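Student: Pasting in a structure now, in structure tokens, and then I'll have a few things to ask.
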Amino acid sequence: MPENTGVAGAAGAAPDGEPRQVGAPDGVDTARVVYGCMALGGSWGADPYGPADVDEAEAVIEAALESGISVFDHADIYRQGKAEAVFGEVLSRTPGLRERVTLQTKCGIRLADGDRPGRYDLRATAILQRVEESLGRLRTDVIDVLLLHRPDPLADAEDVAGALTSLRRQGLVRGFGVSNMSAAQIAALQAHLDFPLVVNQLEMSLDRRDWVEDGVLVNTAEAAANGFPTGTLEYCRAHDVRLQAWGALAQGRFTGRQETAEQHATARLVRSLAEAKGTTPETVVLWWLQRHPARIAPVVGTGRPERIRACRDAARREPDLSHDEWYDLWLTARGVPLP
């Protein structure tokens, strides 16, 4: 693994080798909005990225920072590693940038390779190898937060915990979390760790509402069909696990790409609220997530700097939605009355 040298690496461990930081790095804990880097790095194919892809990444990073977004979410598989690589190039050519950003990345998914289908891999050896590779691509000596991308049915919680503990003791990773996991899965891993898991990243949006529906469908016939793991939001709130919402802008379904009658009606309401509050439709859609008491940080994954800037108010302001406005958005998108 890369040597743990330099300012960033030294911050991860005390002189006796024990990490100083117990909980979430400040950037992740306080972030209103996270930028998701999946759009960076050119194609998803094996062809290499070029100078234009690095310039595009630089423009995106600048737009995010100008908008008040300083947490950047990666995964080792994004563009087959090229998303991390172009980001690393921007870090290397921009003095002081590393100190201005919080780097979060994920591991645990293996993409399809030839005739071999995609799979999950959270073996300790795989985690350690993937972190080493991510550190190299990102050109940094420490990752601020590492997330386990998806549950691996063959993963042994004690084995996984051993890898995370090793990374923390070496100062290579400061904080840890998960992605796409239920309360029970988080608790099973947490039982083997003496430091907290600090993030759970889930798909959540005004279009993907099963997480909020779960809380109101108790004792109804619809509950069985909901699918969201009951109790996950409550667990995360009770244990100070920060929720991050991927897919937060719902692929533009309420800001320009409507497909259903409910989406058209919701988009009209979103525009009306944006005009009344002097902000953008994108901000209103993100405010709907942020207004929930679960402390949800939306992940914005657009590769267009102008659309990143449209989220500025969500990154810089408290969500300006009343109780009734929040419900109006929910019920309009839902399309049917509450039980």
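Residue numbering restarts at 1 for every chain of the structure tokens, chains are lettered A, B, ... in their displayed order, and ligands are numbered from 1 as they appear.
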Within 8 Å of Phe72 of chain A, counting only C-alpha atoms, which residues qualify if same-chain residues fewer than 4 places away don't, as a list in words?
Tutor: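 Listed by chain and then number, they are Val34, Tyr35, Gly36, Cys37, Val101, Thr102, Leu103 and Gln104 of chain A.
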Student: Please return, as a ChimeraX atom specification, all residues of segment 60-127 of chain A that DSSP assigns to helix (DSSP H, G or I) on the basis of the backbone.
Tutor: /A:60-66,78-93,98-100,124-127
Student: Under the rule that only C-alpha atoms are counted, which of A:Arg116, A:His239, A:Arg291, A:Arg257 is the nearest residue to Pro196 of chain A?
Tutor: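 Residue with the minimum atom-to-atom distance to Pro196 of chain A: A:His239.
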Student: From the DSSP assignment of the backbone, select every residue of segment 253-323 of chain A that is strand (DSSP E), and format the answer as a PyMOL selection string.
Tutor: chain A and resi 296-300
Student: Which polymer residues have any atom within 9 Å of an atom of Leu164 of chain A, counting only C-alpha atoms, with same-chain residues fewer than 3 positions away left out, as a list in words?
Tutor: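 Contacts, with the query itself left out: Ala124, Ile127, Leu128, Leu146, Asp159, Val160, Ala161, Leu167, Arg168, Arg169, Val173, Phe176 and Leu193 of chain A.
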Student: Next, write the just-selected residues to a file, as a short mmCIF file (atom, residue, chain, number, x, y, z; two decimals), in the first residue's frame, keeping N, CA and C atoms as the atom set.
Tutor:
data_model
loop_
_atom_site.label_atom_id
_atom_site.label_comp_id
_atom_site.auth_asym_id
_atom_site.auth_seq_id
_atom_site.Cartn_x
_atom_site.Cartn_y
_atom_site.Cartn_z
N ALA A 124 -11.72 -9.68 2.92
CA ALA A 124 -10.75 -8.74 3.47
C ALA A 124 -9.64 -8.44 2.47
N ILE A 127 -10.91 -6.02 -0.18
CA ILE A 127 -11.07 -4.65 0.34
C ILE A 127 -9.71 -3.95 0.40
N LEU A 128 -8.71 -4.64 0.96
CA LEU A 128 -7.38 -4.03 1.09
C LEU A 128 -6.79 -3.72 -0.28
N LEU A 146 -14.54 5.44 3.50
CA LEU A 146 -14.69 4.28 2.63
C LEU A 146 -16.04 3.64 2.89
N ASP A 159 -14.38 -10.89 9.29
CA ASP A 159 -13.33 -10.73 8.28
C ASP A 159 -13.34 -9.32 7.72
N VAL A 160 -14.52 -8.81 7.40
CA VAL A 160 -14.65 -7.45 6.88
C VAL A 160 -14.16 -6.45 7.92
N ALA A 161 -14.60 -6.63 9.16
CA ALA A 161 -14.20 -5.72 10.23
C ALA A 161 -12.69 -5.70 10.41
N LEU A 167 -7.10 -0.89 7.96
CA LEU A 167 -6.99 0.35 7.18
C LEU A 167 -6.99 1.58 8.09
N ARG A 168 -7.81 1.51 9.13
CA ARG A 168 -7.88 2.64 10.07
C ARG A 168 -6.59 2.76 10.87
N ARG A 169 -6.07 1.65 11.35
CA ARG A 169 -4.85 1.70 12.15
C ARG A 169 -3.66 2.20 11.33
N VAL A 173 -7.46 5.12 5.87
CA VAL A 173 -8.87 5.52 5.78
C VAL A 173 -9.27 6.09 7.13
N PHE A 176 -15.63 5.11 8.02
CA PHE A 176 -16.19 4.00 7.25
C PHE A 176 -17.72 4.06 7.26
N LEU A 193 -16.90 -4.04 15.26
CA LEU A 193 -16.05 -2.86 15.15
C LEU A 193 -16.05 -2.08 16.46
#
Student: Using only C-alpha atoms, which residues sit within 10 Å of Ala52 of chain A once same-chain residues fewer than 3 positions away are excluded, as an MDAnalysis selection string?
Tutor: chainID A and resid 41:42 49 55:58 86
Student: Please measure the separation of atom CA of Leu338 of chain A and atom CA of Trp326 of chain A, giving the value in Å to one decimal.
Tutor: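 We find that atom CA of Leu338 of chain A and atom CA of Trp326 of chain A lie 14.0 Å from each other.
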Student: Provide the atom CA of Glu203 of chain A to atom CA of Ala248 of chain A distance in Å, to one decimal place.
Tutor: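 Here the two named atoms are 7.2 Å from each other.
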Student: Produce a table with one row for each residue of segment 166-264 of chain A that has an atom at most 6 Å from any atom of segment 294-310 of chain A, each row naming the nearest atom pair and its distance in Å at one decimal; use only C-alpha atoms; arrange rows by chain and rising residue number; format as JSON lines.
Tutor:
{"residue": "A:Arg237", "atom": "CA", "partner": "A:Ala294", "partner_atom": "CA", "distance": 5.9}
{"residue": "A:Leu243", "atom": "CA", "partner": "A:Ile296", "partner_atom": "CA", "distance": 4.9}
{"residue": "A:Gln244", "atom": "CA", "partner": "A:Ala297", "partner_atom": "CA", "distance": 4.7}
{"residue": "A:Ala245", "atom": "CA", "partner": "A:Pro298", "partner_atom": "CA", "distance": 4.6}
{"residue": "A:Trp246", "atom": "CA", "partner": "A:Val299", "partner_atom": "CA", "distance": 4.9}
{"residue": "A:Ala248", "atom": "CA", "partner": "A:Pro298", "partner_atom": "CA", "distance": 5.5}
Student: A:Arg253, A:Arg316, A:Arg242, A:Arg123: which is nearest Glu66 of chain A, counting only C-alpha atoms?
Tutor: A:Arg316
Student: Mind pulling up the distance from atom CA of Asp29 of chain A to atom CA of Leu233 of chain A?
Tutor: 16.4 Å
Student: Pick the closest to Ala157 of chain A from A:Cys236, A:Gln190, A:Leu135, A:Asn180: which is it, counting only C-alpha atoms?
Tutor: A:Gln190
Student: From the options A:Arg209, A:Lys82, A:His74, A:Arg334, which residue's atoms come nearest to Gly45 of chain A, counting only C-alpha atoms?
Tutor: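 The closest residue to Gly45 of chain A is A:Lys82.
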Student: Hey, which of A:Gln290, A:Thr332, A:Thr280, A:Gln201 ends up closest to Ala261 of chain A? Count only C-alpha atoms.
Tutor: A:Thr332
Student: Please determine, counting only C-alpha atoms, which residue among A:Thr266, A:Thr30, A:Ser179, A:Asn226 has the shortest atom-to-atom distance to Gly335 of chain A.
Tutor: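 Smallest separation from Gly335 of chain A among the options: A:Thr266.
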